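Asks: My questions all concern the structure below.
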Amino acid sequence: MTAKIISGTDVAAAIRQECRGRTEILQAAGTTPGLAVIMVGADPASAVYVRKKIQACADVGIASRKYLFPASANQDDVIDQITALGADPDVHGILVQLPLPAQFDIKAVLSAIPREKDVDGFHLYNVGGLVIGDTVFPPCTPYGVMRILDFAGVEIAGRNAVVVGASNIVGKPMALMLMQREATVSVCHAKTRDLAQFTILADILVVAAGCPNLIVGPMVKSGAVVIDVGINRLPDGRLVGDCDFESVSRRASMMTPVPGGVGPMTVTMLLVNTISSAEQSVAIAGQGTAPRARRPADAGLAIS
Ligand code: NAD
């Protein structure tokens, strides 16, 4: 078997086209969706991610603002800035680029973001919402994976899904989203004994561990759908995922590549969440009918 390659770049392009339509409708109603990005320190990788997010906003008509703090910044000053943005009606989404410098209490900073502007979906309220299938803003990477699965027409209910990786930003929310869609979900992590005994059962295998070549062909059920979330830079400069592409793509029926798989979706889902937030604010303010505004209960896992 040779896997059909699912291009996250193509799925992201289709969703961004939808985003442009949604921002045009909002702008016609007098609202430009706004995203504020806060970055503390000068981590080069973070700077690249922030630049990509700002560019992506411009691409779909979201107004973005960047707030840079030095690595030595005081946490209270950052929280004060978040509080001010929380009260700013032109800002519909607030994002704090992670990681933060070691002296910061990440939970305290993320909790300062008003939950209705938490477009990264990391606030405890949104995380808790995931557990009961009622989240306002799903975290962008697993949300992107769900959109890829739906775009590719992958049936989820009743399938065995295995998530490799159990981080707060990818693995755990991924597992909850798949469970919400009635998959039977197993979660594996660095302490899992004999990873292959789990992965071989997966109809849907999502890998987010950050280990190149962690998953090789014999660990994959024939015909499985494999989503490789991992992004690893090899010493020779190549970017690879967590799966050995050659051998896994011979077993899988569908597979995402790295690069060009989940990566483009993550930024795109940030745009989706920001636009959804703007639509919600318009609906709440009663300034008109927001055509795509969704109640929080729908906004999370629904695929539009
Ligand atoms: P993390 O380091 O926070 O968590 C890694 C998880 O993988 C942990 O739960 C750990 O226990 C598990 N793990 C590590 N080694 C393992 C092993 N040998 N076997 C089984 N489980 C193992 O990382 P993260 O932030 O969740 O990111 C994971 C990967 O996904 C990284 O490569 C990261 O770059 C990538 N990522 C990609 C995107 C994207 O947009 N494509 C977004 C976020 C993260």
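Please note that chains go A, B, ... in the order of the structure tokens, that every chain numbers its residues from 1, and that ligands are numbered from 1 in the order shown.
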Considering only C-alpha atoms and all ligand atoms, tabulate each residue of chain A that lies at most 6 Å from ligand 1 along with its nearest interatomic pair and the corresponding distance in Å to one decimal; arrange the rows by chain and ascending residue number and present them as a tab-separated table.

Replies:
residue	atom	partner	partner_atom_place_in_ligand_line	distance
A:Thr141	CA	ligand 1	42 (C)	5.4
A:Val164	CA	ligand 1	21 (N)	5.4
A:Gly165	CA	ligand 1	7 (O)	3.4
A:Ala166	CA	ligand 1	9 (O)	3.5
A:Ser167	CA	ligand 1	26 (O)	4.4
A:Ile169	CA	ligand 1	26 (O)	5.9
A:Val170	CA	ligand 1	26 (O)	4.7
A:Gly171	CA	ligand 1	26 (O)	5.9
A:Cys188	CA	ligand 1	20 (C)	5.7
A:His189	CA	ligand 1	21 (N)	3.3
A:Ala190	CA	ligand 1	22 (C)	3.6
A:Ala208	CA	ligand 1	28 (C)	4.2
A:Ala209	CA	ligand 1	7 (O)	3.3
A:Gly210	CA	ligand 1	32 (O)	3.1
A:Val229	CA	ligand 1	41 (N)	4.7
A:Gly230	CA	ligand 1	32 (O)	3.5
A:Ile231	CA	ligand 1	32 (O)	4.0
A:Asn232	CA	ligand 1	32 (O)	5.5
A:Val262	CA	ligand 1	41 (N)	4.5
A:Gly263	CA	ligand 1	41 (N)	3.6
A:Thr266	CA	ligand 1	40 (O)	4.7

Asks: Using only C-alpha atoms, find each residue in stretch 132-250 of chain A having at least one atom no more than 10 Å away from stretch 9-21 of chain A; report its shortest atom-to-atom pair and that distance in Å (one decimal), rows by chain then rising number, as a Markdown table.

Replies:
| residue | atom | partner | partner_atom | distance |
| --- | --- | --- | --- | --- |
| A:Gly144 | CA | A:Ala12 | CA | 8.6 |
| A:Arg147 | CA | A:Val11 | CA | 8.1 |
| A:Ile148 | CA | A:Val11 | CA | 6.8 |
| A:Phe151 | CA | A:Val11 | CA | 7.1 |
| A:Ala152 | CA | A:Val11 | CA | 9.1 |

Asks: Store the residues picked out above in a file with C-alpha atoms, as a PDB file, in the first residue's frame.

Replies:
ATOM      1  CA  GLY A 144      -5.960  21.710  12.715  1.00  0.00           C
ATOM      2  CA  ARG A 147      -9.887  19.744  10.212  1.00  0.00           C
ATOM      3  CA  ILE A 148      -7.396  17.687   8.196  1.00  0.00           C
ATOM      4  CA  PHE A 151     -11.187  17.399   4.954  1.00  0.00           C
ATOM      5  CA  ALA A 152      -9.830  13.975   4.012  1.00  0.00           C
TER       6      ALA A 152
END

Asks: Tell me, as a list in words, which residues lie within 6 Å of stretch 91-107 of chain A, counting only C-alpha atoms; anything in the same chain fewer than 6 positions away does not count.

Replies: Gly34, Leu35, Ala36, Val37, Ile38, Met39, Lys117, Asp118, Val119, Thr274, Ser277 and Ala278 of chain A

Asks: So that I can see what lies close to stretch 195-203 of chain A, please list as number ranges by chain the residues with an atom at most 10 Å from it, counting only C-alpha atoms and leaving out residues fewer than 4 positions away in the same chain.

Replies: A: 154-156, 158-164, 183-191, 207, 214-226, 252-253

Asks: Determine which residues of stretch 50-259 of chain A receive a DSSP assignment of strand (DSSP E or B), computed from the backbone, and state them as a PyMOL selection string.

Replies: chain A and resi 63-69+93-96+160-164+184-188+204-207+215+225-228+232-233+239-240+243+254-255

Asks: Give me a file of those residues, with N, CA and C atoms, as an mmCIF file, in the first residue's frame.

Replies:
data_model
loop_
_atom_site.group_PDB
_atom_site.id
_atom_site.type_symbol
_atom_site.label_atom_id
_atom_site.label_comp_id
_atom_site.auth_asym_id
_atom_site.auth_seq_id
_atom_site.Cartn_x
_atom_site.Cartn_y
_atom_site.Cartn_z
ATOM 1 N N ALA A 63 -6.393 42.532 11.593
ATOM 2 C CA ALA A 63 -5.430 43.558 12.033
ATOM 3 C C ALA A 63 -4.633 42.985 13.197
ATOM 4 N N SER A 64 -3.314 43.004 13.084
ATOM 5 C CA SER A 64 -2.520 42.434 14.180
ATOM 6 C C SER A 64 -1.633 43.505 14.795
ATOM 7 N N ARG A 65 -1.337 43.299 16.063
ATOM 8 C CA ARG A 65 -0.403 44.176 16.768
ATOM 9 C C ARG A 65 0.582 43.282 17.511
ATOM 10 N N LYS A 66 1.811 43.766 17.584
ATOM 11 C CA LYS A 66 2.861 42.973 18.240
ATOM 12 C C LYS A 66 3.359 43.752 19.451
ATOM 13 N N TYR A 67 3.492 43.103 20.588
ATOM 14 C CA TYR A 67 4.026 43.741 21.801
ATOM 15 C C TYR A 67 5.258 42.957 22.225
ATOM 16 N N LEU A 68 6.407 43.611 22.142
ATOM 17 C CA LEU A 68 7.661 42.933 22.476
ATOM 18 C C LEU A 68 8.157 43.393 23.844
ATOM 19 N N PHE A 69 8.496 42.424 24.686
ATOM 20 C CA PHE A 69 9.077 42.727 25.999
ATOM 21 C C PHE A 69 10.470 42.096 26.052
ATOM 22 N N GLY A 93 -8.490 38.758 19.871
ATOM 23 C CA GLY A 93 -7.685 37.621 20.277
ATOM 24 C C GLY A 93 -6.375 38.097 20.884
ATOM 25 N N ILE A 94 -5.951 37.428 21.958
ATOM 26 C CA ILE A 94 -4.659 37.757 22.591
ATOM 27 C C ILE A 94 -3.855 36.471 22.652
ATOM 28 N N LEU A 95 -2.629 36.564 22.199
ATOM 29 C CA LEU A 95 -1.783 35.375 22.150
ATOM 30 C C LEU A 95 -0.455 35.702 22.829
ATOM 31 N N VAL A 96 -0.032 34.868 23.739
ATOM 32 C CA VAL A 96 1.299 35.016 24.337
ATOM 33 C C VAL A 96 2.180 33.933 23.734
ATOM 34 N N ASN A 160 -10.353 3.169 16.265
ATOM 35 C CA ASN A 160 -9.295 3.197 17.283
ATOM 36 C C ASN A 160 -8.335 4.325 16.959
ATOM 37 N N ALA A 161 -8.215 5.291 17.849
ATOM 38 C CA ALA A 161 -7.265 6.387 17.643
ATOM 39 C C ALA A 161 -6.176 6.282 18.700
ATOM 40 N N VAL A 162 -4.946 6.407 18.284
ATOM 41 C CA VAL A 162 -3.827 6.396 19.223
ATOM 42 C C VAL A 162 -3.071 7.713 19.064
ATOM 43 N N VAL A 163 -2.889 8.396 20.186
ATOM 44 C CA VAL A 163 -2.148 9.653 20.185
ATOM 45 C C VAL A 163 -0.816 9.386 20.868
ATOM 46 N N VAL A 164 0.268 9.645 20.178
ATOM 47 C CA VAL A 164 1.598 9.477 20.777
ATOM 48 C C VAL A 164 2.090 10.869 21.157
ATOM 49 N N THR A 184 -12.254 5.610 19.938
ATOM 50 C CA THR A 184 -11.741 4.938 21.135
ATOM 51 C C THR A 184 -10.269 5.303 21.212
ATOM 52 N N VAL A 185 -9.905 6.061 22.239
ATOM 53 C CA VAL A 185 -8.601 6.746 22.217
ATOM 54 C C VAL A 185 -7.615 6.154 23.232
ATOM 55 N N SER A 186 -6.410 5.915 22.795
ATOM 56 C CA SER A 186 -5.307 5.579 23.699
ATOM 57 C C SER A 186 -4.273 6.692 23.604
ATOM 58 N N VAL A 187 -3.666 7.013 24.732
ATOM 59 C CA VAL A 187 -2.641 8.061 24.748
ATOM 60 C C VAL A 187 -1.320 7.448 25.210
ATOM 61 N N CYS A 188 -0.292 7.615 24.418
ATOM 62 C CA CYS A 188 1.030 7.092 24.760
ATOM 63 C C CYS A 188 1.975 8.264 25.020
ATOM 64 N N ILE A 204 -6.454 5.437 13.408
ATOM 65 C CA ILE A 204 -5.984 6.817 13.246
ATOM 66 C C ILE A 204 -4.820 6.991 14.218
ATOM 67 N N LEU A 205 -3.657 7.300 13.692
ATOM 68 C CA LEU A 205 -2.469 7.446 14.538
ATOM 69 C C LEU A 205 -1.977 8.889 14.442
ATOM 70 N N VAL A 206 -2.000 9.583 15.575
ATOM 71 C CA VAL A 206 -1.520 10.973 15.608
ATOM 72 C C VAL A 206 -0.243 10.986 16.437
ATOM 73 N N VAL A 207 0.839 11.453 15.843
ATOM 74 C CA VAL A 207 2.130 11.375 16.520
ATOM 75 C C VAL A 207 2.651 12.780 16.789
ATOM 76 N N ILE A 215 8.283 6.457 14.861
ATOM 77 C CA ILE A 215 7.318 5.500 14.310
ATOM 78 C C ILE A 215 7.844 4.994 12.967
ATOM 79 N N VAL A 225 -4.641 5.753 9.068
ATOM 80 C CA VAL A 225 -4.444 7.161 8.712
ATOM 81 C C VAL A 225 -3.426 7.714 9.705
ATOM 82 N N VAL A 226 -2.341 8.260 9.200
ATOM 83 C CA VAL A 226 -1.256 8.703 10.085
ATOM 84 C C VAL A 226 -1.068 10.219 9.965
ATOM 85 N N ILE A 227 -1.196 10.895 11.101
ATOM 86 C CA ILE A 227 -0.997 12.344 11.137
ATOM 87 C C ILE A 227 0.285 12.605 11.923
ATOM 88 N N ASP A 228 1.262 13.136 11.239
ATOM 89 C CA ASP A 228 2.573 13.375 11.862
ATOM 90 C C ASP A 228 2.667 14.847 12.265
ATOM 91 N N ASN A 232 10.986 18.244 13.568
ATOM 92 C CA ASN A 232 12.352 18.056 14.082
ATOM 93 C C ASN A 232 13.353 18.533 13.044
ATOM 94 N N ARG A 233 14.326 19.296 13.500
ATOM 95 C CA ARG A 233 15.396 19.771 12.615
ATOM 96 C C ARG A 233 16.578 18.824 12.761
ATOM 97 N N LEU A 239 14.103 19.220 7.750
ATOM 98 C CA LEU A 239 12.979 19.232 8.681
ATOM 99 C C LEU A 239 12.224 17.923 8.505
ATOM 100 N N VAL A 240 12.056 17.169 9.585
ATOM 101 C CA VAL A 240 11.328 15.894 9.476
ATOM 102 C C VAL A 240 10.314 15.794 10.613
ATOM 103 N N CYS A 243 7.671 10.406 12.173
ATOM 104 C CA CYS A 243 7.511 9.132 11.476
ATOM 105 C C CYS A 243 8.595 8.967 10.416
ATOM 106 N N MET A 254 -3.452 6.881 4.363
ATOM 107 C CA MET A 254 -3.307 8.334 4.204
ATOM 108 C C MET A 254 -2.275 8.796 5.220
ATOM 109 N N MET A 255 -1.562 9.867 4.855
ATOM 110 C CA MET A 255 -0.515 10.349 5.764
ATOM 111 C C MET A 255 -0.256 11.823 5.485
#

Asks: List every residue of stretch 28-265 of chain A that DSSP, applied to the backbone of this structure, assigns to helix (DSSP H, G or I), and report them as a count of residues only.

Replies: 88

Asks: What is the distance, in Å and to one decimal place, between atom CA of A:Val267 and atom CA of A:Thr23?

Replies: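 Separation between atom CA of A:Val267 and atom CA of A:Thr23: 16.2 Å.
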
Asks: Would you mind telling me which residue in A:Val40, A:Leu178, A:Ser276, A:Arg51 lies nearest to A:Ser72 when using only C-alpha atoms?

Replies: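 Ranked by minimum distance to A:Ser72, first place goes to A:Val40.
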
Asks: Fewer than 2 positions away in the same chain doesn't count, so skip those; otherwise give me all residues within 10 Å of A:Leu130, counting only C-alpha atoms, as a PyMOL selection string.

Replies: chain A and resi 121+124-128+132-139+172-177+180+300-301

Asks: For a quick check of understanding, using only C-alpha atoms, which of A:Glu246, A:Asp43, A:Glu279, A:Glu182 has the smallest distance to A:Ala3?

Replies: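 Ranking A:Glu246, A:Asp43, A:Glu279, A:Glu182 by distance to A:Ala3, first place goes to A:Glu246.
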
Asks: A:Leu270, A:Val282, A:Ser249, A:Val145: which is nearest A:Gly8, counting only C-alpha atoms?

Replies: A:Val145

Asks: So how far away is atom CA of A:Ile25 from atom CA of A:Pro114, in Å?

Replies: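 Atom-to-atom, atom CA of A:Pro114 to atom CA of A:Ile25, that is 24.9 Å.
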